[in-house]
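Encoded as structure tokens, the structure appears first; notes follow it.
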Amino acid sequence: MRTFRYERASTTSGAVALLAEAPHGAFLGGGTNLVDLMKLDVARPDLLVDVRRLTSDRVEELSNGGVRIGAGVSNSQLAADPLIRRRYPMLSQALLSGASGQLRNLATAAGNLLQRTRCPYFQDVTTPCNKREPGTGCSAIEGHHRDLAILGTSPECVATHPSDLAVALVALDAVVRTEGPDGERVIPMTELHRLPGPEPQRDTVLRHGDLITAIDLPPLAFAACSYFRKIRDRASYAFALVTVAAAIDVVDGVVRDVRIAFGGVAHKPWRAIKAEELLRGGPAGEDQFRRAAEAELADARPLAGNAFKVPLARNTMVRTLLELLEGPR
Amino acid sequence: MSTITPRAMGQALDRLDGADKVRGLARYAFEHPVDHPAYLFPVQSTVAVGRITGIDCSQASGQPGVLAVLTYHNAPRLSTEDGELRVLQSDEVAFRGQIVAAVIAETSEIARHAASLVRVDYEGRTHNVDLRAEVPGHREHLRVPNEVLPLFPMDTAEGDVDAAMASAAVRVDEVYSTPWYTHNALEPHTTIACWTEEGCTLHLSTQGVTGIQAGVAQAFRLDPSQVRVISPHVGGAFGSKVYPRADVVLAAMAARSVPGRPVKFALTRQQTFSLTGYRPPTIQRVRLGAGSDGRLTAIDHRSIEQTSKLKEFAEHSTRATPSMYAAPNRGTQQWVAELDVPTPTIMRAPGEASGMFALESAMDELAIACGLDPIELRIRNEPDTHPQFHLPFSSRNLITCLREGARRFGWEQRDPTPRARREGGWLIGTGVAAATYPVLRLPGSKATIRADANGRYAVLIAAVDIGTGTRTALTQVAADALQADVEQIDLRLGDTAYPPAAEEGASAGITSWGAAICAAADQLRQRLATEHGGTVPADGLEITADTPENEYLKQYAMHSFGAQFAEVRVHEETGEIRVPRQLGVFACGRIVNPKTARSQLLGGMAWGLSMSLHEQSVLDLRFGHVVNHDLAQYHISSNADIGAVEVHWIEEDDPYVNPMGTKGVGEIGIVGVAAAIANAVYHATGIRIRDLPITLDKLLPG
Ligand SMILES: Cc1cc2nc3c(=O)[nH]c(=O)nc-3n(C[C@H](O)[C@H](O)[C@H](O)COP(=O)(O)OP(=O)(O)OC[C@H]3O[C@@H](n4cnc5c(N)ncnc54)[C@H](O)[C@@H]3O)c2cc1C
Ligand code: SF4
């Protein structure tokens with residue numbers, strides 16, 4: 001492990017200022033991803049600014065009926081929060097389907113969103129990887145990519161974003177509040193993560209030194225009956241092959257509104273805009289769900305080793321919506 | 001051979017070291033307190049095969065806190081022919097991940113960082129890491145391996161398989177494969193090495209202190225008495241800690257280069273994937289020929305697997321086949337392919353775990369082809385005597401296990417039609433398979449018993465307890481051998497200061513060590529009676545005895561048997577697989593301690609599930625290494641994957657195996673599970689999976 005400095009600031013602006021002067025520094029949340037990557041020599045920060053206790057660790061109701069999640073709220077605490085469980089159950093389910101109890105106790109909301117890909121080559125400095133070392137090539141495309149992306153890939157990178165929480169947040173139209181050297185910003189979750197394109201080294205639209213301070217959830221009444229379904233290779237403690245976060249508002253057999261996002265399929269949480277548009281205003285039923293899923297996945301460009309994700313994503317989306325139709329579980 | 005009367009044996013004693021382990025008082029190798037330790041971190045090759053053309057250590061050596069950097073230029077010359085142990089002896093690289101240099105430093109962090117600064121240049125050559133059954137040019141690399149156990153020749157043949165197959169009314173001829181499995185003991189391979197004037201002391205995590213002592217002594221040209229190996233507690237091993245590997249030798253080398261300082265070395269999880277062995281992948285062809293009544297006329301089982309170019313290791317996957325079913329025409333053949341890979345090693349039930357997946361899947365396919373219940377098929381093919389050795393079995397209760405399991409599992413109600421049961425989107429199926437494991441006795445154990453006048457007995461043997469409960473079970477054996485209470489026994493193991501012992505392996509621990517203890521106890525009693533009038537003299541009495549030969553080995557075939565049942569659910573739309581229920585019934589002789597034995601069998605069954613559905617070391621053919629080399633990516637069944645697991649056994653009284661009547665419980669629990677689950681998956685879905693692991697993509701509807 002390389003030597004690094006460790007600092008704590010007393011204010012968020014202090015933390016931002018510390019990092020602004022350290023081009024190779026990083027914020028430290030729970031450290032469950034960053035510290036692992038430092039041990040593997042994948043992340044090489046020379047300064048860690050610990051923000052775990054600096055950002056809010058509270059979940060608060062907003063005056064518009066929405067909910068604000070402090071960036072420092074632990075994954076466990078967030079999953080157990082009564083407000084979240086009641087209003088946005090899929091969020092709680094997403095968190096509980098991720099990692100392990102111990103990890104969730106340590107991991108923060110902001111850190112979860114900014115965890116790096118689990119592509120095996122990214123985590124192994126002895127193999128080429130465009131995300132880790134731009135220009136060296138992508139080892140996954142012709143190697144092991146069973147878990148990797150089928151949508152929005154580029155010739156440079158086919159990684160997926162591993163966060164389950166982010167998928168639920170994208171479906172819920174959450175926004176991320178940041179404080180950075182250039183001031184405060186509000187970034188929609190759908191725009192936080194990027195597609196790899198020719199610059200896979202950039203996971204998100206954040207700039208160096210941008211500190212996530214909170215995540216805001218807008219009010220969404222029908223999300224009280226929402227569902228997060230995670231398909232993985234073992235029953236627990238595994239990253240997603242495919243996830244679906246969904247909420248649907250059906251009145252008299254007609255879809256008034258619907259929210260669908262996929263995880264495990266792209267470099268970012270994949271909001272199923274096309275599927276949603278097809279479903280909105282139409283009848284709710286298995287055939288419609290299937291057609292909508294197929295439309296959303298029509299652009300999928302899987303590789304040899306992950307082609308199964310296309311039917312898996314389709315079937316999972318259909319099943320998730322059907323289970324929501326059948327009422328609260 | 002006289003048998004001993006069970007009094008302590010059969011009691012479900014708590015582990016004698018259980019409380020210490022729970023409290024954290026039981027010390028594992030790396031925790032042994034030492035003064036002023038230095039730390040070691042290896043540099044591993046990034047090519048699979050080639051030659052080192054240059055090593056630049058200047059940056060690493062210049063780091064504050066670095067004590068030394070070892071390479072093949074400055075490492076001590078070793079005297080060993082064991083390719084795995086010849087670490088840093090030349091510029092040749094034989095697999096990706098081989099140790100090519102190592103840094104010794106004041107802290108493990110400094111050592112690790114400095115290791116990343118060592119620059120190694122290679123002249124790479126084309127490598128072959130791809131195990132295949134049929135590739136032009138591949139056959140040259142195949143050869144029949146040397147025997148693993150003299151009792152079981154690599155190839156066997158009787159009758160005319162081809163002719164019998166040609167005339168068989170029903171035939172099965174299929175290819176099965178198992179992947180590369182990695183052990184992943186909770187406690188990684190760890191060593192503390194220290195040299196003094198007298199020699200070398202190693203605290204390490206091992207399955208056999210005596211074997212390590214011999215290997216290290218030879219490598220460093222020492223007398224074995226100059227190497228002391230201490231291993232009181234081991235946090236899992238599963239075969240990966242039987243043979244000494246490069247890590248031990250490297251730690252000893254490193255300690256020699258920093259005289260007077262102990263060197264601590266713990267492999268990272270990633271390193272264990274290339275440095276500590278694995279179960280080699282196998283490709284197996286099974287041919288079964290039978291009459292329409294299901295009676296087998298031919299069994300043929302051939303297997304290809306891999307070994308390294310440094311050292312041969314053969315997973316004898318066809319070993320169990322000749323012991324299973326009566327068929328006049330039989331053949332088994334075993335090949336290894338020498339590839340540019342790390343050397344595989346023993347993993348729980350080496351041979352049986354992989355081989356019985358193929359054989360017992362094929363038996364299920366045969367039952368379906370014959371329209372017979374799979375249990376009935378096995379009953380019809382039950383042999384009277386051992387088919388290959390033509391000896392009676394010392395005890396054989398396969399059919400009892402199958403019947404007892406069927407009764408407990410509720411097999412009778414089963415509708416054999418595939419895809420017949422559905423519940424809330426899940427297809428449900430059940431499957432059965434047989435299990436077996438030979439009763440083995442490893443040579444080279446001695447036990448010393450020291451009786452004192454107060455009625456206490458010190459029992460000394462350099463056996464190890466790898467977490468299985470050996471310490472407790474052997475104490476029970478010693479108590480019965482001495483006709484004493486457990487409280488009178490002070491068993492000491494895990495140290496070469498005690499008489500030598502065979503490694504913990506082959507489910508032979510209790511048999512090999514227990515027989516030595518019984519022999520010593522016998523002699524002790526005789527000496528007391530003949531020389532001391534039956535009472536222990538004031539200054540005590542000490543006896544040392546070897547594990548005796550078993551005269552019955554020439555008269556009987558000795559095997560454990562079992563039956564594995566599984567219920568499987570497969571989601572119709574996602575292919576997800578769940579195993580809500582496993583049930584095993586075993587016939588493995590006397591159970592010394594029902595509590596620890598149950599844990600062994602249960603652990604084996606859980607691992608069997610893991611082997612069936614989850615585990616797979618994914619090899620990147622271009623680079624030649626396992627890419628999913630950590631526990632986030634290499635999946636082992638989680639708690640949520642394990643459903644209800646029932647473990648039962650049949651009471652067996654086998655006077656021929658050893659004085660205790662034990663047959664071993666360490667390995668048989670894993671055997672047959674994969675076939676039972678694959679057979680259940682077929683029953684649930686109508687899809688036959690012949691390539692492990694069974695993952696959801698293989699069952700996903702299009
Ligand atoms: C074995 C294992 C299994 C896992 N399984 C899952 C899973 O199934 N699903 C899942 O979703 N996750 C899973 N995780 C990932 C886990 O959820 C993340 O490691 C965790 O959420 C990261 O949170 P953290 O606070 O520890 O982040 P850290 O490791 O501290 O930081 C991660 C990144 O976020 C940055 N950062 C942290 N806080 C801020 C902030 N306030 N503002 C700006 N940047 C910040 C850091 O600089 C760093 O780049 C798993 C992890 C492990 C180790
Ligand atoms: S998919 Fe992306 S992260 Fe993975 S090897 Fe390719 S470039 Fe690197």
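Please note that chains go A, B, ... in the order of the structure tokens, that every chain numbers its residues from 1, and that ligands are numbered from 1 in the order shown.
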Each residue of chain A lying at most 6 Å from ligand 2 should get a row with its shortest atom-to-atom pair and the distance in Å to one decimal, counting only C-alpha atoms and all ligand atoms; could you produce that, ordered by chain and increasing number, as a tab-separated table?
```
residue	atom	partner	partner_atom_place_in_ligand_line	distance
A:Cys119	CA	ligand 2	4 (Fe)	4.7
A:Tyr121	CA	ligand 2	5 (S)	4.8
A:Phe122	CA	ligand 2	3 (S)	4.7
A:Cys129	CA	ligand 2	8 (Fe)	3.7
A:Asn130	CA	ligand 2	7 (S)	4.0
A:Lys131	CA	ligand 2	7 (S)	4.6
A:Cys138	CA	ligand 2	6 (Fe)	3.6
A:Ser139	CA	ligand 2	5 (S)	4.4
A:Ala140	CA	ligand 2	5 (S)	4.6
A:Glu156	CA	ligand 2	7 (S)	5.7
A:Cys157	CA	ligand 2	2 (Fe)	3.7
A:Val158	CA	ligand 2	1 (S)	4.0
A:Ala159	CA	ligand 2	1 (S)	4.0
```
(request) Identify all chain B residues at most 8 Å from chain A by counting only C-alpha atoms; ligands do not count. Present them as a list in words. (result) Thr46, Glu109, Ile110, Arg112, His113, Glu573, Thr574, Glu576, Arg578, His614, Val618, Asp620, Arg622, Val627, Asn628, Ala632, Gln633, His635, Ser637, Ser638, Asn639, Ala640, Asp641, Thr695, Leu696, Asp697, Leu700, Pro701 and Gly702 of chain B
Could the residues in this selection be written to a file with N, CA, C and O atoms, as a short mmCIF file (atom, residue, chain, number, x, y, z; two decimals), in the first residue's frame?
```cif
data_model
loop_
_atom_site.label_atom_id
_atom_site.label_comp_id
_atom_site.auth_asym_id
_atom_site.auth_seq_id
_atom_site.Cartn_x
_atom_site.Cartn_y
_atom_site.Cartn_z
N THR B 46 3.88 -12.13 -14.46
CA THR B 46 2.73 -11.68 -15.24
C THR B 46 2.68 -12.35 -16.61
O THR B 46 1.88 -11.99 -17.45
N GLU B 109 2.69 -3.47 4.91
CA GLU B 109 2.32 -2.44 3.92
C GLU B 109 3.54 -2.02 3.09
O GLU B 109 3.44 -1.88 1.87
N ILE B 110 4.65 -1.83 3.77
CA ILE B 110 5.86 -1.44 3.03
C ILE B 110 6.27 -2.58 2.09
O ILE B 110 6.60 -2.35 0.92
N ARG B 112 4.44 -4.81 0.72
CA ARG B 112 3.51 -4.91 -0.40
C ARG B 112 3.77 -3.81 -1.43
O ARG B 112 3.78 -4.06 -2.63
N HIS B 113 3.95 -2.63 -0.93
CA HIS B 113 4.17 -1.53 -1.86
C HIS B 113 5.51 -1.72 -2.60
O HIS B 113 5.58 -1.57 -3.83
N GLU B 573 -38.92 -18.49 -15.18
CA GLU B 573 -38.64 -17.35 -16.06
C GLU B 573 -37.21 -16.83 -15.96
O GLU B 573 -36.70 -16.23 -16.89
N THR B 574 -36.57 -17.04 -14.81
CA THR B 574 -35.22 -16.49 -14.64
C THR B 574 -34.15 -17.57 -14.56
O THR B 574 -32.96 -17.25 -14.62
N GLU B 576 -33.25 -19.07 -12.02
CA GLU B 576 -32.63 -19.12 -10.68
C GLU B 576 -32.85 -20.49 -10.06
O GLU B 576 -33.91 -21.09 -10.21
N ARG B 578 -32.64 -22.89 -6.55
CA ARG B 578 -32.58 -22.97 -5.10
C ARG B 578 -32.61 -24.43 -4.70
O ARG B 578 -33.23 -25.25 -5.38
N HIS B 614 -22.27 -22.97 -7.63
CA HIS B 614 -21.67 -21.65 -7.45
C HIS B 614 -20.20 -21.54 -7.81
O HIS B 614 -19.78 -20.53 -8.35
N VAL B 618 -12.58 -18.89 -12.95
CA VAL B 618 -12.67 -18.54 -14.37
C VAL B 618 -11.27 -18.23 -14.89
O VAL B 618 -10.61 -17.31 -14.42
N ASP B 620 -8.64 -17.00 -17.68
CA ASP B 620 -8.50 -16.20 -18.89
C ASP B 620 -7.42 -16.86 -19.73
O ASP B 620 -6.24 -16.88 -19.35
N ARG B 622 -6.03 -16.06 -22.41
CA ARG B 622 -4.99 -15.22 -22.99
C ARG B 622 -3.87 -14.95 -21.99
O ARG B 622 -2.70 -14.99 -22.31
N VAL B 627 -9.27 -15.17 -13.21
CA VAL B 627 -9.57 -13.74 -13.10
C VAL B 627 -10.50 -13.41 -11.92
O VAL B 627 -10.44 -12.32 -11.39
N ASN B 628 -11.32 -14.36 -11.53
CA ASN B 628 -12.24 -14.04 -10.42
C ASN B 628 -11.61 -14.45 -9.08
O ASN B 628 -12.19 -15.18 -8.28
N ALA B 632 -15.46 -12.03 -3.56
CA ALA B 632 -16.63 -11.35 -4.11
C ALA B 632 -16.99 -11.98 -5.46
O ALA B 632 -18.16 -12.06 -5.82
N GLN B 633 -15.97 -12.43 -6.17
CA GLN B 633 -16.21 -12.94 -7.53
C GLN B 633 -16.24 -14.46 -7.60
O GLN B 633 -16.96 -15.02 -8.42
N HIS B 635 -17.66 -17.37 -6.27
CA HIS B 635 -18.82 -17.57 -5.40
C HIS B 635 -18.76 -18.89 -4.66
O HIS B 635 -18.57 -19.93 -5.27
N SER B 637 -21.27 -20.90 -1.88
CA SER B 637 -22.66 -20.79 -1.41
C SER B 637 -22.71 -19.93 -0.16
O SER B 637 -21.91 -20.08 0.75
N SER B 638 -23.67 -19.03 -0.13
CA SER B 638 -23.87 -18.22 1.07
C SER B 638 -24.86 -18.95 1.97
O SER B 638 -25.49 -19.92 1.55
N ASN B 639 -25.01 -18.46 3.17
CA ASN B 639 -25.98 -19.05 4.09
C ASN B 639 -27.35 -19.16 3.45
O ASN B 639 -28.05 -20.15 3.63
N ALA B 640 -27.72 -18.12 2.72
CA ALA B 640 -29.06 -18.09 2.13
C ALA B 640 -29.25 -19.17 1.07
O ALA B 640 -30.37 -19.49 0.69
N ASP B 641 -28.15 -19.73 0.58
CA ASP B 641 -28.26 -20.77 -0.44
C ASP B 641 -28.48 -22.16 0.17
O ASP B 641 -28.91 -23.07 -0.52
N THR B 695 -25.53 -23.02 -13.66
CA THR B 695 -25.86 -21.61 -13.43
C THR B 695 -27.15 -21.27 -14.17
O THR B 695 -27.57 -22.00 -15.07
N LEU B 696 -27.74 -20.16 -13.79
CA LEU B 696 -29.10 -19.88 -14.30
C LEU B 696 -29.15 -19.70 -15.81
O LEU B 696 -30.17 -20.00 -16.43
N ASP B 697 -28.05 -19.21 -16.40
CA ASP B 697 -28.08 -19.01 -17.86
C ASP B 697 -28.27 -20.33 -18.60
O ASP B 697 -28.79 -20.35 -19.71
N LEU B 700 -32.14 -20.91 -18.47
CA LEU B 700 -33.01 -19.78 -18.81
C LEU B 700 -33.80 -20.10 -20.06
O LEU B 700 -33.23 -20.47 -21.08
N PRO B 701 -35.12 -19.95 -20.03
CA PRO B 701 -35.87 -20.15 -21.27
C PRO B 701 -35.50 -19.05 -22.27
O PRO B 701 -35.24 -17.91 -21.87
N GLY B 702 -35.48 -19.36 -23.54
CA GLY B 702 -35.00 -18.43 -24.58
C GLY B 702 -35.82 -17.15 -24.71
O GLY B 702 -36.78 -16.92 -24.06
#
```
(request) Find the residues around Val432 of chain B up to 9 Å (only C-alpha atoms counted), leave out those fewer than 2 positions away in its own chain, and share them as a list in words. (result)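 Residues near the query, excluding close chain neighbours: Glu360, Asp364, Pro374, Ile375, Leu402, Ala406, Thr430, Ala434, Ala563, Gln564, Phe565, Ala566, Gly672, Val673, Ala675, Ala676, Ile677, Asn679 and Ala680 of chain B.
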(request) Take atom CA of Ile69 of chain A and atom CA of Val167 of chain A and report the distance between them in Å, one decimal. (result)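 Here the two named atoms are 15.7 Å from each other.
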(request) Can you check which residues of segment 374-441 of chain B DSSP gives as strand (DSSP E or B) on the backbone and send them as JSON, numbers by chain? (result) {"B": [393, 421, 422, 423, 426, 427, 428, 429, 430, 431, 432, 433, 434, 435, 436, 437, 438]}
Just write the chosen residues, N, CA, C and O atoms, as a PDB file, in the first residue's frame.
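Result written to selection21.pdb:
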```pdb
ATOM      1  N   PHE B 393     -16.575 -57.105   0.666  1.00  0.00           N
ATOM      2  CA  PHE B 393     -16.455 -55.816   1.339  1.00  0.00           C
ATOM      3  C   PHE B 393     -16.408 -56.058   2.845  1.00  0.00           C
ATOM      4  O   PHE B 393     -17.135 -56.920   3.363  1.00  0.00           O
ATOM      5  N   ARG B 421     -43.887 -30.865 -11.476  1.00  0.00           N
ATOM      6  CA  ARG B 421     -44.290 -30.113 -10.269  1.00  0.00           C
ATOM      7  C   ARG B 421     -43.945 -28.648 -10.409  1.00  0.00           C
ATOM      8  O   ARG B 421     -42.827 -28.280 -10.758  1.00  0.00           O
ATOM      9  N   ARG B 422     -44.898 -27.804 -10.096  1.00  0.00           N
ATOM     10  CA  ARG B 422     -44.750 -26.343 -10.209  1.00  0.00           C
ATOM     11  C   ARG B 422     -45.359 -25.696  -9.001  1.00  0.00           C
ATOM     12  O   ARG B 422     -46.402 -26.117  -8.538  1.00  0.00           O
ATOM     13  N   GLU B 423     -44.721 -24.639  -8.507  1.00  0.00           N
ATOM     14  CA  GLU B 423     -45.309 -23.903  -7.396  1.00  0.00           C
ATOM     15  C   GLU B 423     -44.921 -22.444  -7.534  1.00  0.00           C
ATOM     16  O   GLU B 423     -43.725 -22.122  -7.482  1.00  0.00           O
ATOM     17  N   TRP B 426     -42.094 -21.654  -9.761  1.00  0.00           N
ATOM     18  CA  TRP B 426     -40.892 -22.472  -9.583  1.00  0.00           C
ATOM     19  C   TRP B 426     -41.187 -23.921  -9.985  1.00  0.00           C
ATOM     20  O   TRP B 426     -42.195 -24.491  -9.575  1.00  0.00           O
ATOM     21  N   LEU B 427     -40.279 -24.486 -10.764  1.00  0.00           N
ATOM     22  CA  LEU B 427     -40.351 -25.907 -11.100  1.00  0.00           C
ATOM     23  C   LEU B 427     -39.612 -26.676 -10.010  1.00  0.00           C
ATOM     24  O   LEU B 427     -38.541 -26.265  -9.580  1.00  0.00           O
ATOM     25  N   ILE B 428     -40.200 -27.779  -9.581  1.00  0.00           N
ATOM     26  CA  ILE B 428     -39.612 -28.501  -8.454  1.00  0.00           C
ATOM     27  C   ILE B 428     -39.210 -29.904  -8.891  1.00  0.00           C
ATOM     28  O   ILE B 428     -39.968 -30.586  -9.584  1.00  0.00           O
ATOM     29  N   GLY B 429     -38.029 -30.318  -8.487  1.00  0.00           N
ATOM     30  CA  GLY B 429     -37.572 -31.662  -8.823  1.00  0.00           C
ATOM     31  C   GLY B 429     -36.764 -32.258  -7.686  1.00  0.00           C
ATOM     32  O   GLY B 429     -36.274 -31.539  -6.812  1.00  0.00           O
ATOM     33  N   THR B 430     -36.635 -33.565  -7.709  1.00  0.00           N
ATOM     34  CA  THR B 430     -35.821 -34.239  -6.698  1.00  0.00           C
ATOM     35  C   THR B 430     -34.828 -35.165  -7.400  1.00  0.00           C
ATOM     36  O   THR B 430     -35.092 -35.655  -8.493  1.00  0.00           O
ATOM     37  N   GLY B 431     -33.739 -35.401  -6.745  1.00  0.00           N
ATOM     38  CA  GLY B 431     -32.715 -36.253  -7.339  1.00  0.00           C
ATOM     39  C   GLY B 431     -31.975 -37.039  -6.276  1.00  0.00           C
ATOM     40  O   GLY B 431     -31.970 -36.675  -5.097  1.00  0.00           O
ATOM     41  N   VAL B 432     -31.362 -38.116  -6.723  1.00  0.00           N
ATOM     42  CA  VAL B 432     -30.608 -38.975  -5.808  1.00  0.00           C
ATOM     43  C   VAL B 432     -29.299 -39.362  -6.476  1.00  0.00           C
ATOM     44  O   VAL B 432     -29.204 -39.389  -7.704  1.00  0.00           O
ATOM     45  N   ALA B 433     -28.298 -39.640  -5.660  1.00  0.00           N
ATOM     46  CA  ALA B 433     -27.036 -40.165  -6.172  1.00  0.00           C
ATOM     47  C   ALA B 433     -26.351 -40.936  -5.060  1.00  0.00           C
ATOM     48  O   ALA B 433     -26.610 -40.700  -3.874  1.00  0.00           O
ATOM     49  N   ALA B 434     -25.486 -41.851  -5.464  1.00  0.00           N
ATOM     50  CA  ALA B 434     -24.730 -42.623  -4.484  1.00  0.00           C
ATOM     51  C   ALA B 434     -23.419 -41.900  -4.170  1.00  0.00           C
ATOM     52  O   ALA B 434     -22.953 -41.073  -4.946  1.00  0.00           O
ATOM     53  N   ALA B 435     -22.864 -42.223  -3.011  1.00  0.00           N
ATOM     54  CA  ALA B 435     -21.571 -41.669  -2.606  1.00  0.00           C
ATOM     55  C   ALA B 435     -20.686 -42.806  -2.123  1.00  0.00           C
ATOM     56  O   ALA B 435     -21.175 -43.821  -1.616  1.00  0.00           O
ATOM     57  N   THR B 436     -19.399 -42.630  -2.292  1.00  0.00           N
ATOM     58  CA  THR B 436     -18.460 -43.607  -1.731  1.00  0.00           C
ATOM     59  C   THR B 436     -17.127 -42.943  -1.467  1.00  0.00           C
ATOM     60  O   THR B 436     -16.820 -41.900  -2.042  1.00  0.00           O
ATOM     61  N   TYR B 437     -16.379 -43.535  -0.582  1.00  0.00           N
ATOM     62  CA  TYR B 437     -14.997 -43.106  -0.354  1.00  0.00           C
ATOM     63  C   TYR B 437     -14.250 -44.283   0.255  1.00  0.00           C
ATOM     64  O   TYR B 437     -14.789 -44.988   1.100  1.00  0.00           O
ATOM     65  N   PRO B 438     -13.015 -44.513  -0.204  1.00  0.00           N
ATOM     66  CA  PRO B 438     -12.290 -45.671   0.346  1.00  0.00           C
ATOM     67  C   PRO B 438     -11.847 -45.435   1.795  1.00  0.00           C
ATOM     68  O   PRO B 438     -11.688 -44.300   2.223  1.00  0.00           O
TER      69      PRO B 438
END
```
(message) Give me, as a PyMOL selection string, all polymer residues having an atom no more than 6 Å from Gly494 of chain B, counting only C-alpha atoms and skipping those fewer than 4 positions away in the same chain.
(response) chain B and resi 230-232+462-464
(request) Mind giving me the straight-line distance from atom CA of Ile141 of chain A to atom CA of Ser154 of chain A in Å, one decimal? (result)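 Computing it gives 10.0 Å between the two atoms.
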